[in-house]
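Down below is the structure, laid out as structure tokens.
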Amino acid sequence: MKTNSVKHYLFSKGIDQYFTGINDVYHFNIRFFKVLFTRPFHFREVINQSFEVGLKSLPLITLTGFIVGIVFTKQSRPSLEDFGATSWLPSLICIAIVRALGPLVTALICAGKIGSSIGAELGSMRVTEQIDAMEVSAINPFKYLVVTRVLATTITIPILALYCSFVGLYGSYINIHTEETSSIVSFYQSAFSSISFLDIFSGVAKSVVYGFTIGMVGCFKGFNATQGTRGVGKAANQAVVLAMFLIFIEEIVIVQLANWIRYF
Amino acid sequence: MEKHDKQPLKSGDPVISIHGLYKSFGDVPVLKGIDFILAKGENVAILGKSGSGKSVLIKIIVGLLKPDAGEVLVFGKQIDLENRKVLDKMRLRIGFSFQNSALYDSMNVSQNLAFPLMMNVKNLSEKEVNSAVEEVLDAVGLSEKINEMPSDLSGGQRKRIGIARTLILKPEIMLYDEPTSGLDPITSAEIIELILEVQQKYNTSSVIITHDLTCAKKTGNRIAMLYDGKFVREGDFAEVFESKNEEIRGFYNYNFIQ
């Protein structure tokens with residue numbers, strides 16, 4: 001009897017926390033859009049944050065994009081060889097990288113690197129009262145810290161995704177070039193002949209959504225951190241896990257939408 | 001500096017008036033019907049043991065916490081957390097010195113001091129900002145630390161920079177949250193001296209939250225003792241500690257080793 005009531009209590013507490021959490025996220029988003037177009041606009045801070053997000057992720061994105069291009073080409077070649085269709089390799093790689101791999105790989109790397117960094121930074125500012133210090137100095141910390149970071153990730157991650165796709169294709173070309181002599185111009189001509197504007201647009205559009213998600217989740221977790229230094233670690237960790245989970249959900253939805261538009 | 005809709009206040013006019021203030025966290029009541037008035041030019045030291053709600057009280061005054069019930073008037077206006085513009089105007093007239101200084105650790109001392117000024121005062125030249133920074137650094141006696149990072153400063157220096165950061169906006173009320181906690185007696189004496197200098201030079205009214213009786217005695221014209229969510233005694237130092245109340249005597253005996 002006692003065990004049942006404890007279970008019941010924990011179950012109701014879990015449900016309560018789940019819906020309270022959803023309500024908090026909803027209000028955090030509403031607050032973002034409410035203050036987004038109100039003065040003051042911290043353009044300089046948006047540029048600083050974009051610089052932080054973009055430049056610091058560049059080496060990792062370059063390396064990962066390049067390796068993804070090489071590995072994906074290496075893995076695809078044997079299957080195409082069976083059908084004598086290796087000439088389709090650039091098209092296949094280009095479709096896969098521009099439509100899915102470039103944006104997704106970039107988003108996952110940024111969720112790990114940027115999301116955790118934003119969660120930890122804001123979490124640390126919260127528990128050391130730096131956010132309260134902004135409040136009492138008549139500075140809106142939500143606008144200065146959250147809006148600038150979310151804008152920075154939303155603007156920068158699509159650019160990084162395009163860059164990642166380009167580097168991935170270059171990796172693919174290097175791999176093809178080691179197997180058979182081909183020029184880079186003919187490789188890119190063949191690759192881009194198979195994709196349409198919609199492919200590039202959907203890749204950029206989904207990166208905008210991923211960028212917004214990474215910034216928003218990192219800021220939400222960090223801004224609402226509690227329980228001292230333990231809370232900072234928790235905020236950083238949850239920022240990564242939740243952002244990655246949402247990115248995969250969004251990937252499914254956006255792919256479905258893009259396919260629906262493509263075949264409509 | 002932006003213009004505030006200031007009403008001229010004379011010495012003795014209330015700058016903070018609190019009536020019937022209640023605040024709880026969950027089921028735990030912290031403030032149980034507080035009444036408090038701070039007059040212009042007055043310096044009140046609020047004493048009380050840890051967890052008695054001293055910090056909660058000043059956080060409510062500055063709008064960091066929302067009271068459950070009661071009236072909080074600052075410069076004669078009710079604190080309204082929903083009206084950000086009015087709240088920010090009021091906050092510009094109040095300086096808040098945090099217990100752990102709360103310096104922005106990604107900025108150096110100069111940037112920490114310039115930040116609130118640049119965010120609140122439009123069209124300031126770099127020269128004007130630098131001169132304001134130098135002035136407040138000079139006021140707290142740390143001019144040589146202008147390019148240091150907060151992590152390179154000692155506890156006492158961090159407190160001084162924290163106070164300097166509030167002074168740069170020329171506040172009329174200063175709220176000090178445990179200004180001497182965690183400091184050695186010599187550094188504590190220096191901070192007490194600084195608080196007195198700020199009171200005289202900047203003509204501020206102040207609320208000093210502390211459990212350091214030396215700090216309370218030296219900085220406060222009036223002492224208020226907070227116990228169990230209510231003020232149990234108010235007056236000058238001698239009046240408060242004449243009390244036979246065990247809690248108040250215990251406080252006195254511990255601080256003065258009797």
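Labels for the structure tokens follow display order: chains A, B, ..., residues from 1 in each chain, ligands from 1.
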
Item to check | Close residues, segment 151-155 of chain A itself excluded, 7 Å, only C-alpha atoms, min 3 positions apart in chain, as a ChimeraX atom specification | outcome: /A:46,49-50,53,147-148,158,208,211-212,215

Produce a file of the selected residues containing N, CA and C atoms, as a tab-separated table (two decimals), in the first residue's frame.
```tsv
chain	number	residue	atom	x	y	z
A	46	VAL	N	25.82	40.86	-30.67
A	46	VAL	CA	25.43	39.79	-31.61
A	46	VAL	C	26.64	39.44	-32.49
A	49	GLN	N	29.20	37.53	-30.40
A	49	GLN	CA	28.77	36.15	-30.17
A	49	GLN	C	28.86	35.32	-31.45
A	50	SER	N	28.51	35.94	-32.59
A	50	SER	CA	28.59	35.21	-33.87
A	50	SER	C	30.05	34.83	-34.14
A	53	VAL	N	30.87	31.92	-31.86
A	53	VAL	CA	30.25	30.67	-32.33
A	53	VAL	C	30.95	30.20	-33.61
A	147	VAL	N	18.96	36.94	-26.07
A	147	VAL	CA	18.60	37.32	-27.45
A	147	VAL	C	19.86	37.36	-28.34
A	148	THR	N	20.94	37.91	-27.83
A	148	THR	CA	22.15	38.03	-28.65
A	148	THR	C	22.72	36.65	-29.00
A	158	PRO	N	23.77	28.23	-40.04
A	158	PRO	CA	23.55	27.98	-41.49
A	158	PRO	C	24.81	28.24	-42.33
A	208	VAL	N	18.87	26.92	-40.00
A	208	VAL	CA	18.35	28.07	-39.24
A	208	VAL	C	17.57	27.54	-38.02
A	211	GLY	N	20.01	26.08	-35.52
A	211	GLY	CA	20.75	27.16	-34.84
A	211	GLY	C	19.90	27.79	-33.76
A	212	PHE	N	18.64	28.05	-34.09
A	212	PHE	CA	17.71	28.64	-33.12
A	212	PHE	C	17.54	27.69	-31.93
A	215	GLY	N	20.77	27.56	-29.66
A	215	GLY	CA	20.89	28.78	-28.87
A	215	GLY	C	19.84	28.84	-27.78
```

Checklist entry - So which residues of segment 36-69 of chain B fall under helix (DSSP H, G or I) by DSSP, listed as a VMD selection string? => result chain B and resid 54 to 61

Next on the checklist: Set the cut-off to 8 Å and count only C-alpha atoms: what are the residues of chain A that reach chain B? Output as a list in words.
Outcome noted: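 Close to chain B, chain A has Met125, Thr128, Glu129, Gln130, Asp132, Ala133, Met134, Glu135, Val136, Ser137, Ala138 and Ile139 of chain A.
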
Selection above as a file: C-alpha atoms, as a PDB file, in the first residue's frame:
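So out_39.pdb came out as:
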```
ATOM      1  CA  MET A 125      26.531  33.722 -14.359  1.00  0.00           C
ATOM      2  CA  THR A 128      27.309  33.741  -9.097  1.00  0.00           C
ATOM      3  CA  GLU A 129      24.600  36.452  -9.241  1.00  0.00           C
ATOM      4  CA  GLN A 130      26.116  38.131 -12.320  1.00  0.00           C
ATOM      5  CA  ASP A 132      21.147  39.658 -10.905  1.00  0.00           C
ATOM      6  CA  ALA A 133      23.927  42.265 -11.051  1.00  0.00           C
ATOM      7  CA  MET A 134      22.801  43.139 -14.587  1.00  0.00           C
ATOM      8  CA  GLU A 135      19.182  43.373 -13.431  1.00  0.00           C
ATOM      9  CA  VAL A 136      19.992  45.818 -10.625  1.00  0.00           C
ATOM     10  CA  SER A 137      22.106  47.910 -13.022  1.00  0.00           C
ATOM     11  CA  ALA A 138      18.961  48.414 -15.135  1.00  0.00           C
ATOM     12  CA  ILE A 139      20.302  46.175 -17.920  1.00  0.00           C
TER      13      ILE A 139
END
```

Checklist entry - Leaving out Ala161 of chain A and any residue of its chain fewer than 3 positions from it, which residues lie within 10 Å of it when counting only C-alpha atoms, given as a PyMOL selection string? => result chain A and resi 61+65+97-98+101-107+156-158+164-167+203-204+206-208

For the residues in that selection, give me N, CA and C atoms as an mmCIF file, in the first residue's frame.
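Output file part-v5.cif follows:
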```cif
data_model
loop_
_atom_site.group_PDB
_atom_site.id
_atom_site.type_symbol
_atom_site.label_atom_id
_atom_site.label_comp_id
_atom_site.auth_asym_id
_atom_site.auth_seq_id
_atom_site.Cartn_x
_atom_site.Cartn_y
_atom_site.Cartn_z
ATOM 1 N N ILE A 61 34.595 21.858 -37.469
ATOM 2 C CA ILE A 61 33.667 21.665 -38.589
ATOM 3 C C ILE A 61 34.479 21.282 -39.845
ATOM 4 N N GLY A 65 33.769 17.754 -41.455
ATOM 5 C CA GLY A 65 33.185 17.788 -42.798
ATOM 6 C C GLY A 65 34.077 17.055 -43.795
ATOM 7 N N ILE A 97 25.180 15.090 -48.896
ATOM 8 C CA ILE A 97 25.826 16.087 -48.030
ATOM 9 C C ILE A 97 25.009 17.381 -47.949
ATOM 10 N N VAL A 98 24.570 17.893 -49.100
ATOM 11 C CA VAL A 98 23.857 19.182 -49.089
ATOM 12 C C VAL A 98 22.488 19.046 -48.419
ATOM 13 N N LEU A 101 23.635 15.529 -44.623
ATOM 14 C CA LEU A 101 24.808 15.362 -43.751
ATOM 15 C C LEU A 101 25.435 16.683 -43.292
ATOM 16 N N GLY A 102 25.607 17.631 -44.226
ATOM 17 C CA GLY A 102 26.240 18.914 -43.879
ATOM 18 C C GLY A 102 25.518 19.617 -42.735
ATOM 19 N N PRO A 103 24.197 19.904 -42.912
ATOM 20 C CA PRO A 103 23.464 20.572 -41.825
ATOM 21 C C PRO A 103 23.421 19.760 -40.531
ATOM 22 N N LEU A 104 23.220 18.426 -40.676
ATOM 23 C CA LEU A 104 23.074 17.605 -39.473
ATOM 24 C C LEU A 104 24.385 17.504 -38.690
ATOM 25 N N VAL A 105 25.485 17.245 -39.411
ATOM 26 C CA VAL A 105 26.789 17.130 -38.738
ATOM 27 C C VAL A 105 27.138 18.457 -38.061
ATOM 28 N N THR A 106 26.930 19.554 -38.777
ATOM 29 C CA THR A 106 27.223 20.878 -38.201
ATOM 30 C C THR A 106 26.387 21.112 -36.944
ATOM 31 N N ALA A 107 25.094 20.776 -37.036
ATOM 32 C CA ALA A 107 24.200 21.007 -35.890
ATOM 33 C C ALA A 107 24.638 20.170 -34.691
ATOM 34 N N THR A 156 24.740 32.099 -37.534
ATOM 35 C CA THR A 156 26.043 31.496 -37.830
ATOM 36 C C THR A 156 25.969 30.032 -38.261
ATOM 37 N N ILE A 157 25.081 29.266 -37.640
ATOM 38 C CA ILE A 157 25.065 27.830 -37.930
ATOM 39 C C ILE A 157 24.704 27.519 -39.395
ATOM 40 N N PRO A 158 23.767 28.232 -40.042
ATOM 41 C CA PRO A 158 23.553 27.977 -41.485
ATOM 42 C C PRO A 158 24.813 28.243 -42.328
ATOM 43 N N CYS A 164 30.491 23.474 -44.163
ATOM 44 C CA CYS A 164 30.722 22.047 -43.892
ATOM 45 C C CYS A 164 30.421 21.214 -45.150
ATOM 46 N N SER A 165 29.322 21.571 -45.863
ATOM 47 C CA SER A 165 28.960 20.843 -47.089
ATOM 48 C C SER A 165 30.049 21.019 -48.131
ATOM 49 N N PHE A 166 30.559 22.235 -48.251
ATOM 50 C CA PHE A 166 31.594 22.519 -49.246
ATOM 51 C C PHE A 166 32.858 21.714 -48.928
ATOM 52 N N VAL A 167 33.266 21.699 -47.665
ATOM 53 C CA VAL A 167 34.476 20.964 -47.261
ATOM 54 C C VAL A 167 34.250 19.454 -47.441
ATOM 55 N N GLY A 203 18.381 22.772 -46.901
ATOM 56 C CA GLY A 203 19.554 22.606 -46.033
ATOM 57 C C GLY A 203 19.776 23.840 -45.177
ATOM 58 N N VAL A 204 19.671 25.017 -45.809
ATOM 59 C CA VAL A 204 19.867 26.274 -45.065
ATOM 60 C C VAL A 204 18.724 26.476 -44.064
ATOM 61 N N LYS A 206 16.803 24.279 -42.614
ATOM 62 C CA LYS A 206 16.863 23.422 -41.428
ATOM 63 C C LYS A 206 18.001 23.850 -40.504
ATOM 64 N N SER A 207 19.083 24.401 -41.094
ATOM 65 C CA SER A 207 20.183 24.896 -40.242
ATOM 66 C C SER A 207 19.756 26.104 -39.421
ATOM 67 N N VAL A 208 18.873 26.921 -40.000
ATOM 68 C CA VAL A 208 18.346 28.067 -39.244
ATOM 69 C C VAL A 208 17.567 27.545 -38.023
#
```

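Note that atom CA of Glu128 of chain B and atom CA of Ile47 of chain A are 24.7 Å apart.
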
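The coordinates place atom CA of Phe220 of chain A at 13.8 Å from atom CA of Thr20 of chain A.
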
Item to check | Atom pair atom CA of Asn175 of chain A / atom CA of Leu198 of chain A: separation (Å) | outcome: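 Distance between the two atoms: 27.2 Å.
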
Item to check | Near-Ile209 of chain B list (12 Å; only C-alpha atoms; drop same-chain fewer than 6 positions) as JSON, numbers by chain | outcome: {"B": [43, 44, 45, 46, 47, 48, 49, 50, 52, 53, 54, 55, 56, 57, 58, 59, 96, 97, 98, 99, 174, 175, 176, 177, 178, 179, 180, 181, 215, 216, 219, 220, 223, 224, 225, 226]}
